[in-house]
>>> print(open('structure-v5.txt').read())   # compact mmCIF, C-alpha atoms
# COMPACT_ATOMS: atom_id res chain seq x y z
CA MET A 1 7.01 49.66 -31.71
CA THR A 2 5.32 48.70 -28.43
CA ARG A 3 6.14 45.53 -26.50
CA CYS A 4 5.18 42.21 -28.09
CA LEU A 5 1.80 40.75 -27.22
CA THR A 6 1.33 37.94 -24.69
CA THR A 7 -0.33 34.62 -25.58
CA GLY A 8 -3.23 35.69 -23.36
CA GLU A 9 -3.76 38.86 -25.36
CA LEU A 10 -3.51 37.04 -28.69
CA SER A 11 -5.86 34.29 -27.57
CA ALA A 12 -8.44 36.80 -26.29
CA TRP A 13 -8.04 38.78 -29.53
CA LEU A 14 -8.99 35.69 -31.52
CA ASP A 15 -12.12 35.35 -29.38
CA HIS A 16 -13.05 39.05 -29.64
CA GLU A 17 -12.82 39.13 -25.86
CA VAL A 18 -10.38 42.00 -25.39
CA LEU A 19 -11.35 45.17 -23.58
CA ALA A 20 -12.15 48.16 -25.75
CA SER A 21 -9.23 49.96 -24.15
CA GLU A 22 -6.83 47.20 -25.26
CA ALA A 23 -8.18 46.71 -28.78
CA GLY A 24 -6.51 49.72 -30.39
CA ARG A 25 -3.09 48.93 -28.98
CA ILE A 26 -3.29 45.24 -29.99
CA ALA A 27 -4.45 46.04 -33.53
CA ALA A 28 -1.71 48.63 -33.96
CA HIS A 29 0.95 46.26 -32.69
CA LEU A 30 -0.22 43.39 -34.91
CA SER A 31 -0.09 45.57 -37.98
CA SER A 32 3.56 46.39 -37.31
CA CYS A 33 4.99 43.17 -35.79
CA PRO A 34 5.48 40.10 -38.02
CA LEU A 35 6.52 37.97 -35.03
CA CYS A 36 3.22 38.54 -33.24
CA ARG A 37 1.29 38.00 -36.48
CA ARG A 38 3.01 34.62 -36.89
CA GLU A 39 2.26 33.75 -33.26
CA LEU A 40 -1.37 34.72 -33.79
CA LEU A 41 -1.58 32.58 -36.90
CA SER A 42 -0.17 29.48 -35.23
CA LEU A 43 -2.55 29.87 -32.28
CA GLU A 44 -5.43 30.25 -34.70
CA GLN A 45 -4.39 27.13 -36.62
CA GLY A 46 -4.51 25.05 -33.42
CA MET A 47 -7.89 26.53 -32.59
CA GLN A 48 -9.24 25.78 -36.06
CA ALA A 49 -7.93 22.20 -35.90
CA LEU A 50 -9.90 21.79 -32.70
CA LYS A 51 -13.03 23.28 -34.21
CA ARG A 52 -12.79 20.85 -37.12
CA LEU A 53 -13.09 17.88 -34.77
CA PRO A 54 -16.35 16.15 -35.69
CA ARG A 55 -19.07 16.18 -33.08
CA ALA A 56 -19.81 12.67 -31.99
CA GLU A 57 -23.40 11.52 -32.23
CA PRO A 58 -24.58 9.98 -28.94
CA PRO A 59 -25.48 6.30 -29.33
CA ALA A 60 -29.13 5.73 -30.24
CA TRP A 61 -29.77 3.64 -27.13
CA LEU A 62 -28.53 6.32 -24.74
CA ALA A 63 -31.84 8.12 -24.19
CA ALA A 64 -33.63 4.87 -23.39
CA ARG A 65 -30.90 3.95 -20.90
CA VAL A 66 -31.19 7.33 -19.17
CA ARG A 67 -34.95 6.85 -18.98
CA GLU A 68 -34.45 3.45 -17.33
CA ARG A 69 -32.01 4.85 -14.82
CA ILE A 70 -34.30 7.70 -13.88
CA ALA A 71 -37.17 5.26 -13.46
CA ALA A 72 -34.97 3.00 -11.32
CA ALA A 73 -33.81 5.89 -9.18
CA GLU A 74 -37.32 7.08 -8.46
CA PRO A 75 -38.81 5.42 -5.40
CA PRO A 76 -42.24 3.78 -5.86
CA PRO A 77 -45.14 5.82 -4.48
CA PRO A 78 -45.82 5.16 -0.78
CA LEU A 79 -48.35 2.45 0.12
CA TRP A 80 -50.95 4.92 1.39
CA ARG A 81 -50.90 6.66 -1.96
CA GLN A 82 -51.26 3.43 -3.92
CA LEU A 83 -54.23 2.44 -1.71
CA TRP A 84 -55.75 5.87 -2.01
CA GLU A 85 -55.46 5.83 -5.79
CA ALA A 86 -57.00 2.37 -5.95
CA TRP A 87 -59.90 3.50 -3.77
CA ALA A 88 -60.33 6.71 -5.70
CA ALA A 89 -60.49 4.81 -8.96
CA ARG A 90 -63.13 2.48 -7.57
CA TRP A 91 -65.26 5.25 -6.03
CA ALA A 92 -65.09 7.24 -9.22
CA GLN A 93 -67.20 4.57 -10.88
CA ILE A 94 -70.02 4.90 -8.35
CA SER A 95 -72.62 7.64 -8.69
CA ILE A 96 -72.51 10.40 -6.06
CA PRO A 97 -76.01 9.96 -4.48
CA THR A 98 -75.30 6.32 -3.69
CA MET A 99 -71.91 7.23 -2.21
CA VAL A 100 -73.12 9.65 0.47
CA PRO A 101 -74.55 7.20 3.04
CA ALA A 102 -71.73 4.71 2.45
CA LEU A 103 -69.07 7.41 2.87
CA SER A 104 -70.67 8.69 6.06
CA THR A 105 -70.69 5.19 7.54
CA VAL A 106 -67.07 4.57 6.55
CA ALA A 107 -66.00 7.92 8.03
CA VAL A 108 -67.68 7.23 11.39
CA VAL A 109 -66.24 3.71 11.59
CA ALA A 110 -62.76 4.98 10.62
CA ILE A 111 -62.80 7.66 13.34
CA VAL A 112 -63.86 5.17 16.02
CA LEU A 113 -61.27 2.60 14.90
CA ALA A 114 -58.50 5.19 14.75
CA GLY A 115 -59.27 6.31 18.32
CA CYS A 116 -59.21 2.73 19.60
CA ALA A 117 -56.05 1.86 17.72
CA THR A 118 -54.17 4.90 19.05
CA ASN A 119 -55.08 4.06 22.66
CA LEU A 120 -54.26 0.40 22.26
CA THR A 121 -50.87 1.02 20.65
CA HIS A 122 -49.95 3.58 23.29
CA ASN A 123 -50.87 1.24 26.13
CA LEU A 124 -49.10 -1.73 24.59
CA THR A 125 -45.84 0.07 23.95
CA GLN A 126 -45.91 1.44 27.48
CA LEU A 127 -46.68 -1.88 29.14
CA LEU A 128 -44.81 -4.49 27.17
CA PRO A 129 -41.32 -5.22 28.49
CA TRP A 130 -40.01 -6.08 25.01
CA ARG A 131 -41.16 -2.82 23.49
CA LYS A 132 -37.53 -1.95 22.86
CA ALA A 133 -37.56 -4.53 20.13
CA LEU A 134 -40.07 -2.35 18.29
CA GLU A 135 -37.62 0.54 18.15
CA PRO A 136 -35.44 0.92 15.07
CA ARG A 137 -32.08 -0.84 15.12
CA PHE A 138 -30.21 2.27 14.19
CA ASN A 139 -30.71 5.95 14.12
CA VAL A 140 -30.16 8.00 10.98
CA GLN A 141 -29.69 11.73 11.32
CA VAL A 142 -29.34 13.71 8.14
CA ALA A 143 -28.63 17.42 8.13
CA MET A 144 -29.52 18.64 4.69
CA GLY A 145 -27.83 21.71 3.31
CA GLU A 146 -28.72 23.55 0.15
CA ASP A 147 -29.63 20.81 -2.23
CA ILE A 148 -27.76 22.00 -5.28
CA PRO A 149 -24.99 19.71 -6.45
CA PHE A 150 -22.25 22.15 -7.31
CA PHE A 151 -22.53 24.12 -4.11
CA ASN A 152 -21.08 21.11 -2.35
CA ALA A 153 -23.74 21.33 0.32
CA PRO A 154 -22.69 20.47 3.87
CA THR A 155 -24.73 17.33 4.27
CA GLU A 156 -23.99 14.71 6.84
CA ALA A 157 -25.51 11.43 7.98
CA LYS A 158 -24.78 9.33 11.01
CA VAL A 159 -25.51 5.69 10.43
CA ALA A 160 -24.93 3.12 13.14
CA GLY A 161 -22.07 5.07 14.64
CA ARG A 162 -20.41 5.91 11.33
CA THR A 163 -20.43 9.40 9.86
CA PHE A 164 -20.96 9.95 6.14
CA GLU A 165 -20.76 13.17 4.17
CA PHE A 166 -22.71 13.83 1.02
CA ASN A 167 -20.35 15.19 -1.62
CA TYR A 168 -22.05 15.85 -4.95
CA ASP A 169 -23.90 12.53 -5.37
CA VAL A 170 -21.69 10.36 -3.23
CA TRP A 171 -21.96 9.49 0.46
CA THR A 172 -18.37 9.33 1.67
CA GLU A 173 -17.45 7.93 5.07
CA LYS A 174 -15.59 10.46 7.15
CA GLY A 175 -11.86 9.89 6.88
CA VAL A 176 -12.04 8.15 3.52
CA ARG A 177 -10.48 9.99 0.61
CA SER A 178 -13.06 10.20 -2.14
CA THR A 179 -10.41 10.13 -4.84
CA ASN A 180 -9.16 6.68 -3.94
CA ALA A 181 -11.66 3.87 -4.39
CA ASP A 182 -9.91 0.53 -4.40
CA LEU A 183 -12.88 -1.27 -5.84
CA ARG A 184 -16.44 -0.73 -6.95
CA VAL A 185 -19.09 -3.15 -5.79
CA GLU A 186 -22.75 -3.46 -6.81
CA ALA A 187 -25.08 -3.65 -3.83
CA GLN A 188 -26.85 -6.72 -5.20
CA SER A 189 -23.68 -8.71 -5.85
CA THR A 190 -22.53 -11.31 -3.32
CA GLU A 191 -19.83 -9.02 -2.06
CA GLY A 192 -22.22 -6.07 -1.98
CA ARG A 193 -24.75 -7.98 0.08
CA ALA A 194 -22.03 -9.05 2.49
CA ILE A 195 -20.99 -5.42 2.94
CA LEU A 196 -24.58 -4.34 3.51
CA ALA A 197 -25.01 -7.08 6.09
CA SER A 198 -21.88 -5.95 7.92
CA TYR A 199 -22.67 -2.24 7.84
CA SER A 200 -26.30 -2.10 8.82
CA GLY A 201 -28.08 1.04 7.66
CA VAL A 202 -25.89 1.92 4.71
CA ASP A 203 -28.66 0.81 2.35
CA ILE A 204 -30.60 3.93 3.35
CA LEU A 205 -27.84 6.13 2.01
CA LEU A 206 -27.68 4.15 -1.22
CA LYS A 207 -31.06 5.58 -2.18
CA ASP A 208 -29.33 8.93 -2.70
CA GLY A 209 -26.25 7.70 -4.51
CA PRO A 210 -23.10 5.61 -4.24
CA VAL A 211 -21.52 5.12 -0.82
CA LEU A 212 -17.78 5.21 -0.27
CA LEU A 213 -16.72 3.36 2.84
CA ARG A 214 -13.79 1.56 4.38
CA ASP A 215 -14.42 -2.14 4.75
CA GLY A 216 -13.03 -4.62 7.27
CA GLN A 217 -9.93 -5.15 5.18
CA ARG A 218 -9.23 -1.42 5.21
CA ARG A 219 -10.01 -1.10 1.53
CA THR A 220 -11.95 1.87 0.21
CA VAL A 221 -15.04 0.49 -1.44
CA GLU A 222 -17.54 2.32 -3.60
CA LEU A 223 -20.86 0.64 -3.11
CA VAL A 224 -23.31 1.37 -5.93
CA ARG A 225 -26.96 0.60 -6.17
CA SER A 226 -27.76 -2.05 -8.74
CA LEU A 227 -30.01 -1.07 -11.61
CA MET B 1 -42.76 4.27 -14.14
CA SER B 2 -45.61 3.89 -16.54
CA GLU B 3 -45.17 4.30 -20.25
CA GLU B 4 -47.18 7.51 -20.54
CA ARG B 5 -44.78 9.27 -18.18
CA GLY B 6 -42.25 9.50 -21.05
CA ILE B 7 -39.06 11.07 -19.79
CA PHE B 8 -37.90 11.08 -23.40
CA PRO B 9 -39.58 10.83 -26.77
CA PRO B 10 -40.49 7.23 -27.59
CA ASP B 11 -37.97 5.28 -29.63
CA THR B 12 -35.33 7.84 -28.66
CA VAL B 13 -35.92 9.85 -31.81
CA LYS B 14 -33.62 12.83 -31.80
CA VAL B 15 -35.41 16.15 -31.71
CA THR B 16 -33.12 18.58 -33.43
CA THR B 17 -35.30 21.64 -33.41
CA PHE B 18 -34.33 22.73 -29.90
CA SER B 19 -31.69 25.35 -29.49
CA THR B 20 -29.05 25.36 -26.77
CA ALA B 21 -28.75 29.12 -27.03
CA PRO B 22 -29.23 30.75 -23.62
CA SER B 23 -32.80 31.82 -23.07
CA PRO B 24 -33.55 32.60 -19.41
CA THR B 25 -37.29 32.73 -19.99
CA LEU B 26 -37.41 29.39 -21.73
CA ASP B 27 -35.08 27.85 -19.12
CA LEU B 28 -37.25 28.96 -16.23
CA GLU B 29 -40.41 27.97 -18.03
CA LEU B 30 -39.05 24.45 -18.63
CA VAL B 31 -37.94 24.12 -15.03
CA GLU B 32 -41.27 25.37 -13.76
CA ARG B 33 -43.09 22.87 -15.96
CA HIS B 34 -40.85 20.11 -14.59
CA ARG B 35 -41.60 21.24 -11.02
CA VAL B 36 -45.34 21.04 -11.49
CA GLY B 37 -45.07 17.59 -13.03
CA ASP B 38 -45.12 18.28 -16.77
CA LEU B 39 -43.44 15.13 -18.00
CA GLN B 40 -42.50 16.55 -21.38
CA ALA B 41 -40.34 19.29 -19.86
CA PHE B 42 -37.46 16.96 -19.08
CA ASP B 43 -37.77 15.43 -22.55
CA GLU B 44 -37.15 18.86 -24.02
CA ILE B 45 -34.22 19.53 -21.74
CA TYR B 46 -32.71 16.18 -22.62
CA ALA B 47 -33.16 16.76 -26.35
CA ARG B 48 -31.54 20.19 -26.09
CA PHE B 49 -28.50 19.13 -24.14
CA GLU B 50 -27.86 15.46 -24.89
CA SER B 51 -25.31 16.04 -27.63
CA MET B 52 -23.58 18.80 -25.67
CA VAL B 53 -23.22 16.69 -22.54
CA TYR B 54 -22.17 13.56 -24.44
CA ASN B 55 -19.48 15.41 -26.39
CA LEU B 56 -18.19 17.08 -23.25
CA ALA B 57 -17.99 13.71 -21.51
CA LEU B 58 -16.28 12.21 -24.53
CA ARG B 59 -13.66 14.93 -24.73
CA THR B 60 -13.08 14.79 -21.00
CA SER B 61 -12.81 11.02 -20.72
CA GLY B 62 -11.46 10.18 -24.18
CA ASN B 63 -13.55 7.02 -24.29
CA ALA B 64 -16.95 6.47 -25.92
CA GLU B 65 -18.18 3.86 -23.48
CA GLU B 66 -17.21 5.95 -20.50
CA ALA B 67 -18.79 9.02 -22.11
CA ALA B 68 -22.12 7.16 -22.41
CA ASP B 69 -21.94 6.14 -18.74
CA LEU B 70 -21.07 9.68 -17.71
CA THR B 71 -23.92 11.12 -19.77
CA GLN B 72 -26.42 8.84 -18.06
CA GLU B 73 -25.15 9.79 -14.62
CA ILE B 74 -25.08 13.49 -15.45
CA PHE B 75 -28.69 13.52 -16.62
CA LEU B 76 -29.73 11.52 -13.58
CA ARG B 77 -28.17 14.22 -11.46
CA VAL B 78 -29.78 16.98 -13.53
CA TYR B 79 -33.17 15.26 -13.11
CA ARG B 80 -32.72 15.03 -9.35
CA HIS B 81 -31.69 18.62 -8.86
CA LEU B 82 -33.62 20.42 -11.58
CA GLY B 83 -36.30 21.47 -9.11
CA HIS B 84 -33.67 23.52 -7.29
CA PHE B 85 -32.50 25.45 -10.35
CA GLU B 86 -33.13 29.11 -9.59
CA GLY B 87 -32.14 30.74 -12.84
CA ARG B 88 -29.13 32.58 -11.44
CA SER B 89 -27.25 31.35 -14.50
CA ALA B 90 -28.43 29.96 -17.82
CA LEU B 91 -29.66 26.37 -17.71
CA LYS B 92 -26.95 25.46 -20.22
CA THR B 93 -24.24 26.81 -17.90
CA TRP B 94 -25.81 25.05 -14.92
CA ILE B 95 -25.84 21.73 -16.77
CA PHE B 96 -22.26 22.25 -17.93
CA ARG B 97 -21.25 22.81 -14.34
CA ILE B 98 -22.93 19.63 -13.18
CA ALA B 99 -21.37 17.75 -16.09
CA LEU B 100 -17.87 19.04 -15.39
CA ASN B 101 -18.13 18.38 -11.67
CA HIS B 102 -19.35 14.88 -12.33
CA CYS B 103 -16.68 14.09 -14.89
CA ARG B 104 -13.94 15.36 -12.59
CA GLU B 105 -15.27 13.48 -9.60
CA ARG B 106 -15.88 10.22 -11.40
CA LEU B 107 -12.72 10.21 -13.47
CA SER B 108 -10.50 11.16 -10.56
CA ARG B 109 -11.83 8.21 -8.59
CA PHE B 110 -11.46 5.55 -11.24
CA ARG B 111 -8.74 6.70 -13.56
CA PRO B 112 -5.21 7.93 -13.17
CA GLN B 113 -4.78 11.69 -13.16
CA THR B 114 -2.84 11.64 -16.40
CA GLN B 115 -4.70 11.33 -19.66
CA PRO B 116 -3.79 8.73 -22.29
CA ILE B 117 -0.90 9.93 -24.37
CA GLN B 118 -0.76 7.99 -27.58
CA GLY B 119 -3.03 5.59 -29.35
CA GLU B 120 -5.51 5.34 -26.53
CA VAL B 121 -7.97 8.06 -27.33
CA GLU B 122 -10.85 6.86 -29.39
CA GLU B 123 -13.43 8.91 -31.16
CA GLY B 124 -16.82 8.00 -29.86
CA GLY B 125 -20.30 7.69 -31.24
CA VAL B 126 -21.31 7.37 -34.82
CA PRO B 127 -18.98 9.25 -37.15
CA LEU B 128 -20.58 11.84 -39.34
CA SER B 129 -20.76 10.53 -42.86
CA ASP B 130 -19.89 12.77 -45.75
CA PRO B 131 -21.03 11.65 -49.19
CA HIS B 132 -18.88 14.33 -50.86
CA ARG B 133 -15.57 12.93 -49.64
CA ASP B 134 -13.84 9.83 -50.92
CA PRO B 135 -12.56 7.11 -48.55
CA GLU B 136 -8.99 8.38 -48.73
CA GLU B 137 -10.02 11.87 -47.72
CA LEU B 138 -12.13 10.48 -44.90
CA ALA B 139 -9.19 8.39 -43.67
CA VAL B 140 -6.93 11.45 -43.65
CA ALA B 141 -9.58 13.43 -41.80
CA ALA B 142 -9.95 10.61 -39.26
CA ASP B 143 -6.17 10.54 -38.71
CA GLU B 144 -6.13 14.27 -38.21
CA SER B 145 -9.02 14.06 -35.74
CA ARG B 146 -7.20 11.36 -33.81
CA ARG B 147 -4.03 13.44 -33.73
CA VAL B 148 -5.88 16.53 -32.48
CA GLY B 149 -7.84 14.45 -29.96
CA GLN B 150 -4.62 12.96 -28.59
CA ALA B 151 -2.98 16.37 -28.36
CA LEU B 152 -6.03 17.74 -26.54
CA ALA B 153 -5.98 14.83 -24.10
CA ARG B 154 -2.42 15.76 -23.12
CA VAL B 155 -3.39 19.29 -22.09
CA PRO B 156 -3.81 19.47 -18.28
CA ALA B 157 -7.44 19.23 -17.19
CA PRO B 158 -8.11 22.83 -16.06
CA PHE B 159 -6.82 24.26 -19.34
CA ARG B 160 -8.41 21.51 -21.41
CA GLU B 161 -11.83 22.14 -19.86
CA ALA B 162 -11.64 25.85 -20.64
CA VAL B 163 -10.54 25.21 -24.24
CA ILE B 164 -13.27 22.61 -24.78
CA LEU B 165 -15.95 24.95 -23.46
CA ARG B 166 -14.71 27.77 -25.67
CA ASP B 167 -13.65 26.15 -28.93
CA LEU B 168 -15.85 23.08 -29.06
CA GLU B 169 -18.95 24.25 -27.21
CA GLY B 170 -18.78 27.92 -28.12
CA LEU B 171 -19.40 29.37 -24.67
CA SER B 172 -18.47 32.99 -24.01
CA TYR B 173 -15.81 33.83 -21.43
CA GLN B 174 -18.56 34.94 -19.04
CA GLU B 175 -20.45 31.66 -19.45
CA ILE B 176 -17.27 29.65 -18.93
CA ALA B 177 -16.52 31.65 -15.79
CA GLU B 178 -19.98 30.74 -14.46
CA ALA B 179 -19.63 27.09 -15.40
CA LEU B 180 -16.20 26.76 -13.82
CA ARG B 181 -16.95 29.17 -10.96
CA VAL B 182 -13.81 31.20 -11.61
CA ARG B 183 -13.21 34.79 -12.65
CA VAL B 184 -13.25 35.87 -16.29
CA GLY B 185 -9.55 36.74 -16.05
CA THR B 186 -8.81 33.17 -15.00
CA VAL B 187 -10.82 31.87 -17.94
CA ARG B 188 -8.84 34.02 -20.30
CA SER B 189 -5.57 32.79 -18.88
CA ARG B 190 -6.64 29.12 -18.90
CA ILE B 191 -7.80 29.29 -22.51
CA ALA B 192 -4.56 30.94 -23.57
CA ARG B 193 -2.42 28.38 -21.77
CA GLY B 194 -4.53 25.52 -23.08
CA ARG B 195 -4.23 26.73 -26.67
CA ASP B 196 -0.53 27.32 -26.24
CA GLN B 197 0.04 23.79 -25.00
CA LEU B 198 -2.28 22.31 -27.60
CA ARG B 199 -0.29 24.01 -30.32
CA ASP B 200 2.96 22.66 -28.89
CA PHE B 201 1.60 19.09 -28.72
CA LEU B 202 0.25 19.38 -32.27
CA GLU B 203 3.62 20.57 -33.52
CA MET B 204 5.37 17.71 -31.73
CA SER B 205 3.05 15.15 -33.29
CA SER B 206 3.22 16.45 -36.84
>>> encode(input="structure-v5.txt", output="structure tokens")
Amino acid sequence: MTRCLTTGELSAWLDHEVLASEAGRIAAHLSSCPLCRRELLSLEQGMQALKRLPRAEPPAWLAARVRERIAAAEPPPPLWRQLWEAWAARWAQISIPTMVPALSTVAVVAIVLAGCATNLTHNLTQLLPWRKALEPRFNVQVAMGEDIPFFNAPTEAKVAGRTFEFNYDVWTEKGVRSTNADLRVEAQSTEGRAILASYSGVDILLKDGPVLLRDGQRRTVELVRSL
Amino acid sequence: MSEERGIFPPDTVKVTTFSTAPSPTLDLELVERHRVGDLQAFDEIYARFESMVYNLALRTSGNAEEAADLTQEIFLRVYRHLGHFEGRSALKTWIFRIALNHCRERLSRFRPQTQPIQGEVEEGGVPLSDPHRDPEELAVAADESRRVGQALARVPAPFREAVILRDLEGLSYQEIAEALRVRVGTVRSRIARGRDQLRDFLEMSS
């Protein structure tokens, strides 16, 4: 009789996942070894017990909740698009021959105004001593990697002097261990708003997902966007 | 989002005609439809995989409420990244991978590494009714399910994941290897060790 079979071989045998070259030897051994047959049977019983577990039916409200969360996560269309759609809807009601002279006039006026506005803005920002106030308060640099979650893309953001890394769906501050959140705070709660006020710029990251950071009391906080 | 966008069928009616069997053509077609803005494509994906994802989350977390939360987050992630799916694996495997990664990440942050041992695992969702079984039989079956669920929860996570994917979700070794991003030999070994430990825990509890 050949050597007894390992649990790995028996388990793979039950799944019909043994190599063709192994199959003959395993079958021959099983037919001659009561110990291995008993081992196979007990493994199979555990497997069958597992397969008999009833499948749970997801709660009926779950789909609606997912729909709400997807809707909440999607940013509203930009203002220019909303204006454009409103204009398009209005113009669609007007017949084409009447639109041509009006459109031409609007186009000429828009070009002239755009030229003036560009010049004026340029001159103002160059001349005004307080133009620095027009500049953003912080600088966000994001280096996007391959945007597939399980590839753990190397994505990094620098926000107001703090570095965050995007790991799956979580922005984690460099140096903070992602497995140890001391508390979870909703951005719209009192505590969440206080954190956002103290760490200017973090709200930008929240659009992508939760943010793990170390707060003033050296706690690791997971800041989540409110629904 | 306006009502006609419809991420899911109205009134959350379950569509049970979709199959989760791997079909690369159908997968890519659905993803392509999603990319070009076909709002029904995600509905179909959700209907195909909702039960699978929910049950995986339930078995991983051992808690119905947490499983519902996890399912929401997993589908949110799937929605965000679906446009980047390239068809290098089946959509089912891709979603399993996202689901497993998310469960691991989320549960490791908010729960202790060890799983509940006794009396803490609850069966989630609506139990399947069976008009052919009397209450006593159903109670015995429920006890048995609880016992098996508790034994499964004691199996260490890497082995438990492999056993769940094989015995509860019916994935092949190759599919599990893709979902877990390990070699087929590792899958084989993890399943064997998981079953071995499950059997031991079941024997101890009987």
>>> atom_distance(input="structure-v5.txt", atom1="atom CA of Leu107 of chain B", atom2="atom CA of Gly209 of chain A")
16.4 Å
>>> atom_distance(input="structure-v5.txt", atom1="atom CA of Pro34 of chain A", atom2="atom CA of Ser172 of chain B")
28.6 Å
>>> atom_distance(input="structure-v5.txt", atom1="atom CA of Ala49 of chain A", atom2="atom CA of Ser145 of chain B")
8.2 Å
>>> closest_residue(input="structure-v5.txt", among="A:Val170, A:Asn119, A:Tyr199, A:Glu222", to="Asp182 of chain A", atoms="all atoms listed in the file")
A:Glu222
>>> interface_residues(input="structure-v5.txt", of="chain A", to="chain B", cutoff="6 Å", atoms="only C-alpha atoms", output="PyMOL selection string")
chain A and resi 7-8+11+46+51+53+56-59+63+66-67+70-71+179-180
>>> residues_near_point(input="structure-v5.txt", point="(-24.1, 3.3, 9.3)", cutoff="7 Å", atoms="only C-alpha atoms", output="list in words")
Lys158, Val159, Ala160, Gly161, Arg162, Tyr199, Ser200, Gly201 and Val202 of chain A
>>> residues_around(input="structure-v5.txt", residues="Val224 of chain A", least_positions_apart="6", cutoff="6 Å", atoms="all atoms listed in the file", output="list of chain:residue names")
A:Glu186, A:Ala187, A:Pro210
>>> residues_near_point(input="structure-v5.txt", point="(-17.8, 3.4, -2.9)", cutoff="9 Å", atoms="only C-alpha atoms", output="MDAnalysis selection string")
chainID A and resid 170:172 178 181:185 210:214 220:224
>>> closest_residue(input="structure-v5.txt", among="B:Glu136, B:Asp38, B:Glu161, B:Glu32", to="Leu180 of chain B", atoms="only C-alpha atoms")
B:Glu161
